[in-house]
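Shown below: query.cif, with mmCIF, C-alpha atoms and all ligand atoms.
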```cif
data_data
#
loop_
_atom_site.group_PDB
_atom_site.id
_atom_site.type_symbol
_atom_site.label_atom_id
_atom_site.label_comp_id
_atom_site.auth_asym_id
_atom_site.auth_seq_id
_atom_site.Cartn_x
_atom_site.Cartn_y
_atom_site.Cartn_z
ATOM 1 C CA MET A 240 -14.440 -5.693 0.905
ATOM 2 C CA ILE A 241 -16.354 -5.474 4.201
ATOM 3 C CA ILE A 242 -16.181 -2.077 5.850
ATOM 4 C CA ASN A 243 -15.386 -1.913 9.534
ATOM 5 C CA PRO A 244 -17.359 1.127 10.736
ATOM 6 C CA ALA A 245 -15.372 1.252 13.966
ATOM 7 C CA THR A 246 -12.022 1.705 12.279
ATOM 8 C CA ASP A 247 -12.563 2.808 8.668
ATOM 9 C CA PRO A 248 -12.802 6.555 8.053
ATOM 10 C CA VAL A 249 -16.118 8.005 6.871
ATOM 11 C CA TRP A 250 -14.878 8.501 3.324
ATOM 12 C CA ARG A 251 -14.356 4.739 2.969
ATOM 13 C CA ASN A 252 -17.947 4.001 4.047
ATOM 14 C CA ILE A 253 -19.564 5.915 1.217
ATOM 15 C CA ASN A 254 -20.390 5.268 -2.413
ATOM 16 C CA LEU A 255 -22.068 8.100 -4.299
ATOM 17 C CA HIS A 256 -21.891 6.650 -7.822
ATOM 18 C CA THR A 257 -24.293 3.770 -8.521
ATOM 19 C CA HIS A 258 -26.171 2.867 -11.703
ATOM 20 C CA THR A 259 -29.187 0.605 -12.285
ATOM 21 C CA TRP A 260 -30.425 -1.453 -15.257
ATOM 22 C CA ARG A 261 -32.278 1.628 -16.528
ATOM 23 C CA CYS A 262 -29.239 3.129 -18.288
ATOM 24 C CA HIS A 263 -29.085 0.122 -20.676
ATOM 25 C CA HIS A 264 -25.517 -0.825 -19.744
ATOM 26 C CA ALA A 265 -25.765 -1.759 -16.053
ATOM 27 C CA GLN A 266 -27.407 -4.677 -14.256
ATOM 28 C CA GLY A 267 -29.532 -4.843 -11.124
ATOM 29 C CA ASP A 268 -32.075 -2.593 -9.509
ATOM 30 C CA VAL A 269 -32.043 -0.390 -6.435
ATOM 31 C CA ASP A 270 -32.803 -3.244 -4.000
ATOM 32 C CA ALA A 271 -29.894 -5.417 -5.124
ATOM 33 C CA TYR A 272 -27.411 -2.542 -4.718
ATOM 34 C CA CYS A 273 -28.828 -1.678 -1.291
ATOM 35 C CA GLN A 274 -28.566 -5.277 -0.126
ATOM 36 C CA LYS A 275 -24.944 -5.470 -1.256
ATOM 37 C CA ALA A 276 -24.100 -2.139 0.373
ATOM 38 C CA ARG A 277 -25.626 -3.301 3.630
ATOM 39 C CA GLU A 278 -23.754 -6.621 3.489
ATOM 40 C CA ARG A 279 -20.535 -4.690 3.085
ATOM 41 C CA ASN A 280 -21.368 -2.305 5.944
ATOM 42 C CA LEU A 281 -21.535 0.927 3.969
ATOM 43 C CA HIS A 282 -23.073 3.896 5.777
ATOM 44 C CA LEU A 283 -24.177 5.822 2.738
ATOM 45 C CA LEU A 284 -25.188 4.699 -0.756
ATOM 46 C CA GLY A 285 -26.019 7.296 -3.403
ATOM 47 C CA PHE A 286 -27.716 6.368 -6.661
ATOM 48 C CA SER A 287 -26.570 8.284 -9.736
ATOM 49 C CA ASP A 288 -27.923 6.626 -12.844
ATOM 50 C CA HIS A 289 -27.445 8.335 -16.223
ATOM 51 C CA THR A 290 -30.123 10.987 -16.437
ATOM 52 C CA PRO A 291 -32.806 10.918 -19.090
ATOM 53 C CA LEU A 292 -32.707 14.008 -21.326
ATOM 54 C CA PRO A 293 -35.766 15.958 -22.441
ATOM 55 C CA ASP A 294 -35.127 15.495 -26.168
ATOM 56 C CA GLY A 295 -34.168 11.812 -25.861
ATOM 57 C CA ARG A 296 -30.653 12.272 -27.262
ATOM 58 C CA TRP A 297 -27.924 9.684 -26.622
ATOM 59 C CA ALA A 298 -30.712 7.323 -25.566
ATOM 60 C CA SER A 299 -28.722 4.090 -25.813
ATOM 61 C CA ILE A 300 -26.549 4.904 -22.797
ATOM 62 C CA ARG A 301 -29.090 6.457 -20.462
ATOM 63 C CA MET A 302 -32.448 6.155 -18.787
ATOM 64 C CA ASP A 303 -35.640 6.756 -20.755
ATOM 65 C CA MET A 304 -37.792 9.589 -19.459
ATOM 66 C CA SER A 305 -40.588 7.048 -18.992
ATOM 67 C CA HIS A 306 -38.481 5.337 -16.270
ATOM 68 C CA LEU A 307 -37.787 8.438 -14.206
ATOM 69 C CA GLU A 308 -40.847 8.064 -11.996
ATOM 70 C CA ALA A 309 -40.097 4.428 -11.115
ATOM 71 C CA TYR A 310 -36.425 5.226 -10.431
ATOM 72 C CA ASP A 311 -37.444 8.004 -8.066
ATOM 73 C CA LEU A 312 -39.995 5.780 -6.338
ATOM 74 C CA ALA A 313 -37.621 2.798 -6.003
ATOM 75 C CA ILE A 314 -35.083 4.969 -4.186
ATOM 76 C CA GLU A 315 -37.682 6.640 -1.960
ATOM 77 C CA THR A 316 -39.034 3.204 -1.020
ATOM 78 C CA ALA A 317 -35.571 1.841 -0.316
ATOM 79 C CA ARG A 318 -34.832 4.715 2.068
ATOM 80 C CA HIS A 319 -37.299 3.161 4.490
ATOM 81 C CA GLN A 320 -36.252 -0.456 4.017
ATOM 82 C CA TYR A 321 -32.503 -0.596 4.427
ATOM 83 C CA ALA A 322 -31.655 1.136 7.680
ATOM 84 C CA PRO A 323 -29.049 1.663 8.997
ATOM 85 C CA LEU A 324 -27.864 2.127 5.414
ATOM 86 C CA HIS A 325 -28.546 5.700 4.423
ATOM 87 C CA ILE A 326 -29.636 6.176 0.805
ATOM 88 C CA LEU A 327 -29.438 9.253 -1.403
ATOM 89 C CA LYS A 328 -31.186 10.022 -4.680
ATOM 90 C CA GLY A 329 -28.923 11.398 -7.372
ATOM 91 C CA MET A 330 -28.355 11.437 -11.100
ATOM 92 C CA GLU A 331 -25.210 11.490 -13.284
ATOM 93 C CA CYS A 332 -25.723 14.310 -15.797
ATOM 94 C CA GLU A 333 -24.107 15.474 -18.999
ATOM 95 C CA PHE A 334 -23.472 19.203 -19.014
ATOM 96 C CA VAL A 335 -25.882 20.375 -21.718
ATOM 97 C CA PRO A 336 -26.597 24.060 -21.141
ATOM 98 C CA GLU A 337 -30.088 23.888 -22.686
ATOM 99 C CA PHE A 338 -31.107 21.253 -20.109
ATOM 100 C CA VAL A 339 -29.973 23.158 -17.050
ATOM 101 C CA ASN A 340 -33.584 24.036 -16.256
ATOM 102 C CA PHE A 341 -34.598 20.375 -16.407
ATOM 103 C CA TYR A 342 -31.842 19.493 -13.928
ATOM 104 C CA ARG A 343 -32.678 22.358 -11.640
ATOM 105 C CA GLU A 344 -36.463 22.471 -11.804
ATOM 106 C CA THR A 345 -37.472 18.841 -12.416
ATOM 107 C CA LEU A 346 -34.751 16.884 -10.643
ATOM 108 C CA LEU A 347 -33.644 19.169 -7.822
ATOM 109 C CA ASP A 348 -36.727 21.301 -7.072
ATOM 110 C CA GLU A 349 -39.688 19.138 -8.015
ATOM 111 C CA ARG A 350 -38.369 15.635 -7.370
ATOM 112 C CA LYS A 351 -36.056 16.629 -4.517
ATOM 113 C CA PHE A 352 -32.958 14.873 -5.748
ATOM 114 C CA ASP A 353 -30.233 15.029 -3.114
ATOM 115 C CA TYR A 354 -27.433 15.733 -5.570
ATOM 116 C CA LEU A 355 -26.352 15.711 -9.210
ATOM 117 C CA VAL A 356 -23.022 14.369 -10.461
ATOM 118 C CA GLY A 357 -21.375 16.085 -13.417
ATOM 119 C CA GLY A 358 -20.386 13.331 -15.839
ATOM 120 C CA VAL A 359 -18.742 14.710 -18.956
ATOM 121 C CA HIS A 360 -18.965 11.709 -21.304
ATOM 122 C CA LEU A 361 -19.471 14.077 -24.244
ATOM 123 C CA PHE A 362 -18.321 17.616 -24.852
ATOM 124 C CA ASP A 363 -19.284 20.299 -27.324
ATOM 125 C CA CYS A 364 -16.489 21.087 -29.784
ATOM 126 C CA ASP A 365 -17.528 23.868 -32.183
ATOM 127 C CA GLY A 366 -21.134 22.653 -32.194
ATOM 128 C CA GLN A 367 -20.235 18.980 -32.587
ATOM 129 C CA TRP A 368 -20.576 16.647 -29.608
ATOM 130 C CA LEU A 369 -17.504 14.437 -29.152
ATOM 131 C CA TYR A 370 -17.110 11.489 -26.816
ATOM 132 C CA THR A 371 -14.601 12.267 -24.070
ATOM 133 C CA SER A 372 -13.216 8.770 -24.399
ATOM 134 C CA GLY A 373 -11.797 8.842 -27.915
ATOM 135 C CA GLY A 374 -12.730 12.403 -28.858
ATOM 136 C CA VAL A 375 -9.740 14.096 -27.230
ATOM 137 C CA GLN A 376 -7.254 13.617 -30.054
ATOM 138 C CA ASP A 377 -5.090 16.711 -30.342
ATOM 139 C CA ALA A 378 -4.086 19.913 -28.584
ATOM 140 C CA LYS A 379 -7.241 21.699 -29.682
ATOM 141 C CA THR A 380 -9.725 19.063 -28.517
ATOM 142 C CA LEU A 381 -7.862 18.693 -25.227
ATOM 143 C CA ARG A 382 -8.212 22.440 -24.625
ATOM 144 C CA VAL A 383 -11.893 22.404 -25.618
ATOM 145 C CA TYR A 384 -12.546 19.448 -23.270
ATOM 146 C CA THR A 385 -10.760 21.270 -20.447
ATOM 147 C CA ASP A 386 -12.747 24.485 -20.947
ATOM 148 C CA PHE A 387 -16.003 22.523 -21.213
ATOM 149 C CA PHE A 388 -15.245 20.631 -17.995
ATOM 150 C CA ILE A 389 -14.482 23.900 -16.207
ATOM 151 C CA ALA A 390 -17.770 25.390 -17.481
ATOM 152 C CA ALA A 391 -19.626 22.357 -16.110
ATOM 153 C CA MET A 392 -18.034 22.893 -12.691
ATOM 154 C CA ASP A 393 -18.841 26.585 -12.878
ATOM 155 C CA SER A 394 -22.550 25.910 -13.559
ATOM 156 C CA GLY A 395 -23.154 25.312 -9.855
ATOM 157 C CA LEU A 396 -25.321 22.274 -10.660
ATOM 158 C CA PHE A 397 -23.042 19.489 -9.605
ATOM 159 C CA ARG A 398 -22.054 18.351 -6.131
ATOM 160 C CA PHE A 399 -18.956 16.684 -7.556
ATOM 161 C CA MET A 400 -17.496 15.850 -10.958
ATOM 162 C CA ALA A 401 -17.069 12.242 -12.081
ATOM 163 C CA HIS A 402 -13.881 10.890 -13.686
ATOM 164 C CA PRO A 403 -12.127 14.122 -14.839
ATOM 165 C CA ASP A 404 -9.444 11.859 -16.368
ATOM 166 C CA LEU A 405 -11.860 9.774 -18.480
ATOM 167 C CA PHE A 406 -10.112 11.005 -21.642
ATOM 168 C CA ALA A 407 -6.860 9.315 -20.553
ATOM 169 C CA GLY A 408 -8.067 6.001 -21.953
ATOM 170 C CA SER A 409 -7.252 7.292 -25.410
ATOM 171 C CA TRP A 410 -4.876 10.187 -24.649
ATOM 172 C CA LEU A 411 -1.350 9.010 -23.946
ATOM 173 C CA HIS A 412 0.624 12.232 -23.614
ATOM 174 C CA TRP A 413 1.494 13.723 -20.253
ATOM 175 C CA ASP A 414 3.242 16.559 -22.077
ATOM 176 C CA ALA A 415 3.490 20.308 -21.436
ATOM 177 C CA GLN A 416 0.156 20.994 -23.120
ATOM 178 C CA THR A 417 -1.631 18.328 -21.075
ATOM 179 C CA GLN A 418 -0.056 19.567 -17.870
ATOM 180 C CA SER A 419 -1.121 23.120 -18.640
ATOM 181 C CA CYS A 420 -4.731 22.037 -19.292
ATOM 182 C CA MET A 421 -4.915 19.855 -16.201
ATOM 183 C CA ARG A 422 -3.414 22.612 -14.071
ATOM 184 C CA ALA A 423 -6.217 24.896 -15.252
ATOM 185 C CA LEU A 424 -8.842 22.220 -14.514
ATOM 186 C CA LEU A 425 -7.453 21.541 -11.042
ATOM 187 C CA ASP A 426 -7.090 25.228 -10.254
ATOM 188 C CA ALA A 427 -10.772 25.737 -11.146
ATOM 189 C CA ALA A 428 -11.844 22.726 -9.041
ATOM 190 C CA ARG A 429 -9.980 24.191 -6.083
ATOM 191 C CA SER A 430 -11.329 27.717 -6.430
ATOM 192 C CA LEU A 431 -14.905 26.566 -7.124
ATOM 193 C CA GLU A 432 -14.617 23.987 -4.320
ATOM 194 C CA ILE A 433 -15.971 21.204 -6.521
ATOM 195 C CA PRO A 434 -14.719 17.751 -5.519
ATOM 196 C CA LEU A 435 -13.266 15.497 -8.216
ATOM 197 C CA GLU A 436 -13.815 11.763 -8.332
ATOM 198 C CA ILE A 437 -11.294 8.940 -8.369
ATOM 199 C CA ASN A 438 -13.436 6.513 -10.352
ATOM 200 C CA ALA A 439 -12.822 2.808 -9.792
ATOM 201 C CA ASN A 440 -14.570 1.730 -12.983
ATOM 202 C CA GLY A 441 -11.440 2.331 -15.055
ATOM 203 C CA LEU A 442 -9.684 -0.274 -12.909
ATOM 204 C CA ARG A 443 -12.149 -2.939 -14.072
ATOM 205 C CA GLN A 444 -11.435 -2.371 -17.765
ATOM 206 C CA TRP A 445 -8.806 -3.842 -20.062
ATOM 207 C CA PRO A 446 -5.393 -2.204 -19.675
ATOM 208 C CA ILE A 447 -4.164 -0.039 -22.544
ATOM 209 C CA GLN A 448 -0.683 0.280 -24.013
ATOM 210 C CA ASP A 449 0.938 3.602 -23.117
ATOM 211 C CA GLY A 450 4.448 3.729 -24.593
ATOM 212 C CA ALA A 451 6.426 0.878 -23.084
ATOM 213 C CA CYS A 452 3.903 0.361 -20.268
ATOM 214 C CA ARG A 453 0.468 -1.054 -19.884
ATOM 215 C CA ARG A 454 -1.861 0.856 -17.614
ATOM 216 C CA GLN A 455 -5.528 1.120 -16.740
ATOM 217 C CA PRO A 456 -7.424 3.742 -18.780
ATOM 218 C CA TYR A 457 -8.170 5.715 -15.584
ATOM 219 C CA PRO A 458 -7.644 6.820 -12.838
ATOM 220 C CA TRP A 459 -4.575 8.319 -14.504
ATOM 221 C CA LEU A 460 -1.646 8.446 -12.089
ATOM 222 C CA PRO A 461 0.100 11.627 -13.344
ATOM 223 C CA PHE A 462 -3.184 13.518 -13.174
ATOM 224 C CA TRP A 463 -3.768 12.487 -9.555
ATOM 225 C CA GLU A 464 -0.151 13.168 -8.621
ATOM 226 C CA MET A 465 -0.677 16.701 -9.889
ATOM 227 C CA ALA A 466 -4.051 16.875 -8.104
ATOM 228 C CA ALA A 467 -2.275 16.124 -4.835
ATOM 229 C CA GLU A 468 -0.376 19.419 -5.181
ATOM 230 C CA PHE A 469 -3.603 21.398 -5.482
ATOM 231 C CA GLN A 470 -5.249 20.274 -2.247
ATOM 232 C CA ILE A 471 -8.573 19.753 -3.987
ATOM 233 C CA GLN A 472 -11.533 17.923 -2.516
ATOM 234 C CA VAL A 473 -11.887 14.323 -3.668
ATOM 235 C CA VAL A 474 -14.323 11.406 -3.544
ATOM 236 C CA VAL A 475 -13.553 7.770 -4.352
ATOM 237 C CA ASN A 476 -16.486 5.968 -5.950
ATOM 238 C CA ALA A 477 -17.299 2.523 -7.312
ATOM 239 C CA ASP A 478 -19.241 3.772 -10.368
ATOM 240 C CA ALA A 479 -21.050 0.459 -9.866
ATOM 241 C CA HIS A 480 -22.759 -1.053 -12.900
ATOM 242 C CA HIS A 481 -23.410 -4.350 -11.094
ATOM 243 C CA PRO A 482 -24.261 -4.905 -7.415
ATOM 244 C CA ASP A 483 -21.034 -6.890 -6.910
ATOM 245 C CA GLU A 484 -19.052 -3.742 -7.792
ATOM 246 C CA ILE A 485 -20.082 -1.997 -4.572
ATOM 247 C CA HIS A 486 -16.800 -1.804 -2.649
ATOM 248 C CA ASP A 487 -15.161 -4.506 -4.761
ATOM 249 C CA GLY A 488 -11.441 -5.018 -5.349
ATOM 250 C CA ALA A 489 -11.301 -2.116 -7.814
ATOM 251 C CA VAL A 490 -12.668 0.262 -5.170
ATOM 252 C CA GLN A 491 -10.106 -1.062 -2.704
ATOM 253 C CA ARG A 492 -7.329 -0.282 -5.208
ATOM 254 C CA ALA A 493 -8.745 3.199 -5.765
ATOM 255 C CA PHE A 494 -8.773 3.780 -1.988
ATOM 256 C CA LEU A 495 -5.136 2.705 -1.750
ATOM 257 C CA MET A 496 -4.209 5.055 -4.575
ATOM 258 C CA ALA A 497 -6.004 7.928 -2.833
ATOM 259 C CA GLU A 498 -4.294 7.188 0.474
ATOM 260 C CA SER A 499 -0.867 7.018 -1.105
ATOM 261 C CA LEU A 500 -1.209 10.356 -2.928
ATOM 262 C CA LEU A 501 -3.524 12.682 -1.053
ATOM 263 C CA ASP A 502 -3.675 14.472 2.219
ATOM 264 C CA GLN A 503 -6.728 12.663 3.525
ATOM 265 C CA HIS A 504 -7.883 15.394 5.843
ATOM 266 C CA SER A 505 -8.076 18.141 3.219
ATOM 267 C CA ALA A 506 -9.253 15.824 0.422
ATOM 268 C CA PHE A 507 -12.097 14.069 2.218
ATOM 269 C CA SER A 508 -13.317 16.289 5.041
ATOM 270 C CA TRP A 509 -16.104 17.673 2.811
ATOM 271 C CA LEU A 510 -17.686 14.200 2.844
ATOM 272 C CA GLU A 511 -18.219 14.356 6.586
ATOM 273 C CA PHE A 512 -20.269 17.538 6.140
ATOM 274 C CA PHE A 513 -22.088 16.099 3.140
ATOM 275 C CA HIS A 514 -22.815 12.909 5.086
ATOM 276 C CA ALA A 515 -24.111 14.771 8.109
ATOM 277 C CA SER A 516 -26.204 17.349 6.249
ATOM 278 C CA HIS A 517 -27.988 14.736 4.161
ATOM 279 C CA GLY A 518 -28.520 12.625 7.259
ATOM 280 C CA ARG A 519 -30.425 15.469 8.877
ATOM 281 C CA SER A 520 -32.571 16.111 5.802
ATOM 282 C CA ALA A 521 -33.426 12.398 5.676
ATOM 283 C CA VAL A 522 -34.558 12.562 9.307
ATOM 284 C CA ARG A 523 -36.962 15.339 8.388
ATOM 285 C CA ARG A 524 -38.306 13.310 5.470
ATOM 286 C CA ASP A 525 -38.821 10.284 7.704
ATOM 287 C CA GLY A 526 -40.474 12.290 10.458
ATOM 288 C CA ALA A 527 -38.033 10.868 13.022
ATOM 289 C CA GLU A 528 -36.547 12.657 15.995
ATOM 290 C CA ASN A 529 -34.959 16.079 15.672
ATOM 291 C CA GLY A 530 -31.347 16.143 14.735
ATOM 292 C CA ARG A 531 -30.636 12.430 15.066
ATOM 293 C CA ILE A 532 -28.460 11.274 12.246
ATOM 294 C CA PRO A 533 -29.709 7.770 11.507
ATOM 295 C CA PHE A 534 -26.496 6.255 10.195
ATOM 296 C CA GLN A 535 -24.356 7.076 13.207
HETATM 297 ZN ZN ZN B 601 -19.670 8.404 -15.931
HETATM 298 ZN ZN ZN B 602 -21.313 6.385 -13.922
#
```
Would you give me this structure, written as structure tokens?
Amino acid sequence: MIINPATDPVWRNINLHTHTWRCHHAQGDVDAYCQKARERNLHLLGFSDHTPLPDGRWASIRMDMSHLEAYDLAIETARHQYAPLHILKGMECEFVPEFVNFYRETLLDERKFDYLVGGVHLFDCDGQWLYTSGGVQDAKTLRVYTDFFIAAMDSGLFRFMAHPDLFAGSWLHWDAQTQSCMRALLDAARSLEIPLEINANGLRQWPIQDGACRRQPYPWLPFWEMAAEFQIQVVVNADAHHPDEIHDGAVQRAFLMAESLLDQHSAFSWLEFFHASHGRSAVRRDGAENGRIPFQ
């Protein structure tokens, strides 16, 4: 899908969720994603690979600490090479309370990351870490997941939260309990003003059987229909694990879903501010003229 900057709204010209080979389950490096984003006329590309963790846990699905420096450098180098594409440096992070200082001090303060994405792929259930996809199995684990997700939003670390409906790939009940939990999650997102992500990666996966229907694991339609009532802030992202997934057909379908359900002005206006504020900070980093936003 080639963006038309003259006619497409800002929120369609952005992808803030991009992986690299370093997480062990994606392909391609920073340059390949930047080239694809430029071919497809994106204004803003944010990298958000799976963060390394200080104790090396869950190492098979995330970056090694030894690759952090090169990841940082590859993005900083690309910032200068791919104008007019504007590039941001981010990380997708599990919410692990003991690593909050690493996120804050090492990534945000020392390395000047532009943003962190909250990605709850695992959650703490009575001291045991469960995978969100597969680990939500009953009323209790659904409630624990919901409370954990709300605590992650409340930490103040994350600029937005990835795939809040990730659990729907193995949870098939839009029942009263689920609605009550999701109402609490959406209410917290609204009051904390944390955007939630419609994640296109679930549209690239095998469909699952849900009663008489087959559906994609996520985005989960009843969740987003409920979200539309809450007037929350939203972002649509590729969650690209291959350069070809930047604004591919799955992203197009996610955009169409967002447009059909949400009030675009209230859902996406935060991205215009985000876009503009990071544009100005990039100008300062590049030593260019005052106040000029390079991607406009
Ligand atoms: Zn994720
Ligand atoms: Zn991701």
Under the PyMOL selection byres (((not hetatm)) within 9 of (chain B and resi 602)), which residues of this model are included? Write them out as a PDB file with C-alpha atoms, in the coordinates of the input.
```pdb
ATOM      1  CA  HIS A 256     -21.891   6.650  -7.822  1.00  0.00           C
ATOM      2  CA  THR A 257     -24.293   3.770  -8.521  1.00  0.00           C
ATOM      3  CA  HIS A 258     -26.171   2.867 -11.703  1.00  0.00           C
ATOM      4  CA  SER A 287     -26.570   8.284  -9.736  1.00  0.00           C
ATOM      5  CA  ASP A 288     -27.923   6.626 -12.844  1.00  0.00           C
ATOM      6  CA  HIS A 289     -27.445   8.335 -16.223  1.00  0.00           C
ATOM      7  CA  GLU A 331     -25.210  11.490 -13.284  1.00  0.00           C
ATOM      8  CA  VAL A 356     -23.022  14.369 -10.461  1.00  0.00           C
ATOM      9  CA  GLY A 358     -20.386  13.331 -15.839  1.00  0.00           C
ATOM     10  CA  ALA A 401     -17.069  12.242 -12.081  1.00  0.00           C
ATOM     11  CA  HIS A 402     -13.881  10.890 -13.686  1.00  0.00           C
ATOM     12  CA  ASN A 438     -13.436   6.513 -10.352  1.00  0.00           C
ATOM     13  CA  ASN A 440     -14.570   1.730 -12.983  1.00  0.00           C
ATOM     14  CA  ALA A 477     -17.299   2.523  -7.312  1.00  0.00           C
ATOM     15  CA  ASP A 478     -19.241   3.772 -10.368  1.00  0.00           C
ATOM     16  CA  ALA A 479     -21.050   0.459  -9.866  1.00  0.00           C
ATOM     17  CA  HIS A 480     -22.759  -1.053 -12.900  1.00  0.00           C
TER      18      HIS A 480
END
```
For Leu500 (chain A): contacts at 9 Å, all atoms listed in the file, fewer than 2 positions along chain excluded, given as an mmCIF file with C-alpha atoms, in the coordinates of the input:
```cif
data_model
loop_
_atom_site.group_PDB
_atom_site.id
_atom_site.type_symbol
_atom_site.label_atom_id
_atom_site.label_comp_id
_atom_site.auth_asym_id
_atom_site.auth_seq_id
_atom_site.Cartn_x
_atom_site.Cartn_y
_atom_site.Cartn_z
ATOM 1 C CA TRP A 463 -3.768 12.487 -9.555
ATOM 2 C CA GLU A 464 -0.151 13.168 -8.621
ATOM 3 C CA ALA A 466 -4.051 16.875 -8.104
ATOM 4 C CA ALA A 467 -2.275 16.124 -4.835
ATOM 5 C CA LEU A 495 -5.136 2.705 -1.750
ATOM 6 C CA MET A 496 -4.209 5.055 -4.575
ATOM 7 C CA ALA A 497 -6.004 7.928 -2.833
ATOM 8 C CA GLU A 498 -4.294 7.188 0.474
ATOM 9 C CA ASP A 502 -3.675 14.472 2.219
ATOM 10 C CA GLN A 503 -6.728 12.663 3.525
#
```
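Take the candidates A:Trp410, A:Phe399, A:Tyr354, A:Tyr342 and check each one against Leu381 (chain A) using all atoms listed in the file; the shortest distance goes to A:Trp410.
Take the candidates A:Trp445, A:Phe387, A:Tyr457, A:Tyr310 and check each one against ligand ZN 601 (chain B) using all atoms listed in the file; the shortest distance goes to A:Tyr457.
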*Counting only C-alpha atoms, figure out which residue out of A:Asn340, A:Gln472, A:Gln274, A:Gln367 gets nearest to Ala506 (chain A).*
A:Gln472
Evaluating the PyMOL selection byres (((chain A and resi 404) around 12) and not hetatm) on the displayed file yields which residues, as a PDB file with C-alpha atoms, in the coordinates of the input?
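Once written, out_8.pdb looks like this:
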```
ATOM      1  CA  GLY A 358     -20.386  13.331 -15.839  1.00  0.00           C
ATOM      2  CA  VAL A 359     -18.742  14.710 -18.956  1.00  0.00           C
ATOM      3  CA  HIS A 360     -18.965  11.709 -21.304  1.00  0.00           C
ATOM      4  CA  THR A 371     -14.601  12.267 -24.070  1.00  0.00           C
ATOM      5  CA  SER A 372     -13.216   8.770 -24.399  1.00  0.00           C
ATOM      6  CA  VAL A 375      -9.740  14.096 -27.230  1.00  0.00           C
ATOM      7  CA  LEU A 381      -7.862  18.693 -25.227  1.00  0.00           C
ATOM      8  CA  TYR A 384     -12.546  19.448 -23.270  1.00  0.00           C
ATOM      9  CA  THR A 385     -10.760  21.270 -20.447  1.00  0.00           C
ATOM     10  CA  PHE A 388     -15.245  20.631 -17.995  1.00  0.00           C
ATOM     11  CA  MET A 400     -17.496  15.850 -10.958  1.00  0.00           C
ATOM     12  CA  ALA A 401     -17.069  12.242 -12.081  1.00  0.00           C
ATOM     13  CA  HIS A 402     -13.881  10.890 -13.686  1.00  0.00           C
ATOM     14  CA  PRO A 403     -12.127  14.122 -14.839  1.00  0.00           C
ATOM     15  CA  LEU A 405     -11.860   9.774 -18.480  1.00  0.00           C
ATOM     16  CA  PHE A 406     -10.112  11.005 -21.642  1.00  0.00           C
ATOM     17  CA  ALA A 407      -6.860   9.315 -20.553  1.00  0.00           C
ATOM     18  CA  GLY A 408      -8.067   6.001 -21.953  1.00  0.00           C
ATOM     19  CA  SER A 409      -7.252   7.292 -25.410  1.00  0.00           C
ATOM     20  CA  TRP A 410      -4.876  10.187 -24.649  1.00  0.00           C
ATOM     21  CA  LEU A 411      -1.350   9.010 -23.946  1.00  0.00           C
ATOM     22  CA  TRP A 413       1.494  13.723 -20.253  1.00  0.00           C
ATOM     23  CA  THR A 417      -1.631  18.328 -21.075  1.00  0.00           C
ATOM     24  CA  CYS A 420      -4.731  22.037 -19.292  1.00  0.00           C
ATOM     25  CA  MET A 421      -4.915  19.855 -16.201  1.00  0.00           C
ATOM     26  CA  LEU A 424      -8.842  22.220 -14.514  1.00  0.00           C
ATOM     27  CA  LEU A 425      -7.453  21.541 -11.042  1.00  0.00           C
ATOM     28  CA  LEU A 435     -13.266  15.497  -8.216  1.00  0.00           C
ATOM     29  CA  GLU A 436     -13.815  11.763  -8.332  1.00  0.00           C
ATOM     30  CA  ILE A 437     -11.294   8.940  -8.369  1.00  0.00           C
ATOM     31  CA  ASN A 438     -13.436   6.513 -10.352  1.00  0.00           C
ATOM     32  CA  ALA A 439     -12.822   2.808  -9.792  1.00  0.00           C
ATOM     33  CA  ASN A 440     -14.570   1.730 -12.983  1.00  0.00           C
ATOM     34  CA  GLY A 441     -11.440   2.331 -15.055  1.00  0.00           C
ATOM     35  CA  GLN A 455      -5.528   1.120 -16.740  1.00  0.00           C
ATOM     36  CA  PRO A 456      -7.424   3.742 -18.780  1.00  0.00           C
ATOM     37  CA  TYR A 457      -8.170   5.715 -15.584  1.00  0.00           C
ATOM     38  CA  PRO A 458      -7.644   6.820 -12.838  1.00  0.00           C
ATOM     39  CA  TRP A 459      -4.575   8.319 -14.504  1.00  0.00           C
ATOM     40  CA  LEU A 460      -1.646   8.446 -12.089  1.00  0.00           C
ATOM     41  CA  PRO A 461       0.100  11.627 -13.344  1.00  0.00           C
ATOM     42  CA  PHE A 462      -3.184  13.518 -13.174  1.00  0.00           C
ATOM     43  CA  TRP A 463      -3.768  12.487  -9.555  1.00  0.00           C
ATOM     44  CA  MET A 465      -0.677  16.701  -9.889  1.00  0.00           C
ATOM     45  CA  ALA A 466      -4.051  16.875  -8.104  1.00  0.00           C
TER      46      ALA A 466
END
```
*Pick from A:Tyr370, A:Phe513, A:Phe341, A:Trp297: nearest to Trp250 (chain A), with all atoms listed in the file counted?*
A:Phe513
Using only the atoms of region 347-364 of chain A listed in the file, plus 8 Å on each side, state the axis-aligned box centre and edge lengths in Å rounded to one decimal, as JSON.
```
{"center_x": -28.1, "center_y": 16.5, "center_z": -16.4, "size_x": 39.2, "size_y": 25.6, "size_z": 42.7}
```
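Those residues that approach Arg277 (chain A) to within 7 Å, counting all atoms listed in the file, are A:Cys273, A:Leu281, A:Leu324; same-chain residues fewer than 4 positions away are not listed.
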Given the selection you just returned, output its residues as a file containing C-alpha atoms, formatted as a PDB file, keeping the file's coordinate frame.
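And here's again_9.pdb as it stands now:
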```pdb
ATOM      1  CA  CYS A 273     -28.828  -1.678  -1.291  1.00  0.00           C
ATOM      2  CA  LEU A 281     -21.535   0.927   3.969  1.00  0.00           C
ATOM      3  CA  LEU A 324     -27.864   2.127   5.414  1.00  0.00           C
TER       4      LEU A 324
END
```
_Residue members of the PyMOL selection byres (((chain A and resi 326) around 12) and not hetatm) in the file shown, as an MDAnalysis selection string_ = chainID A and resid 253:257 269:270 272:274 276:277 281:287 311 313:325 327:329 352:354 514 517:518 520:522 533:534
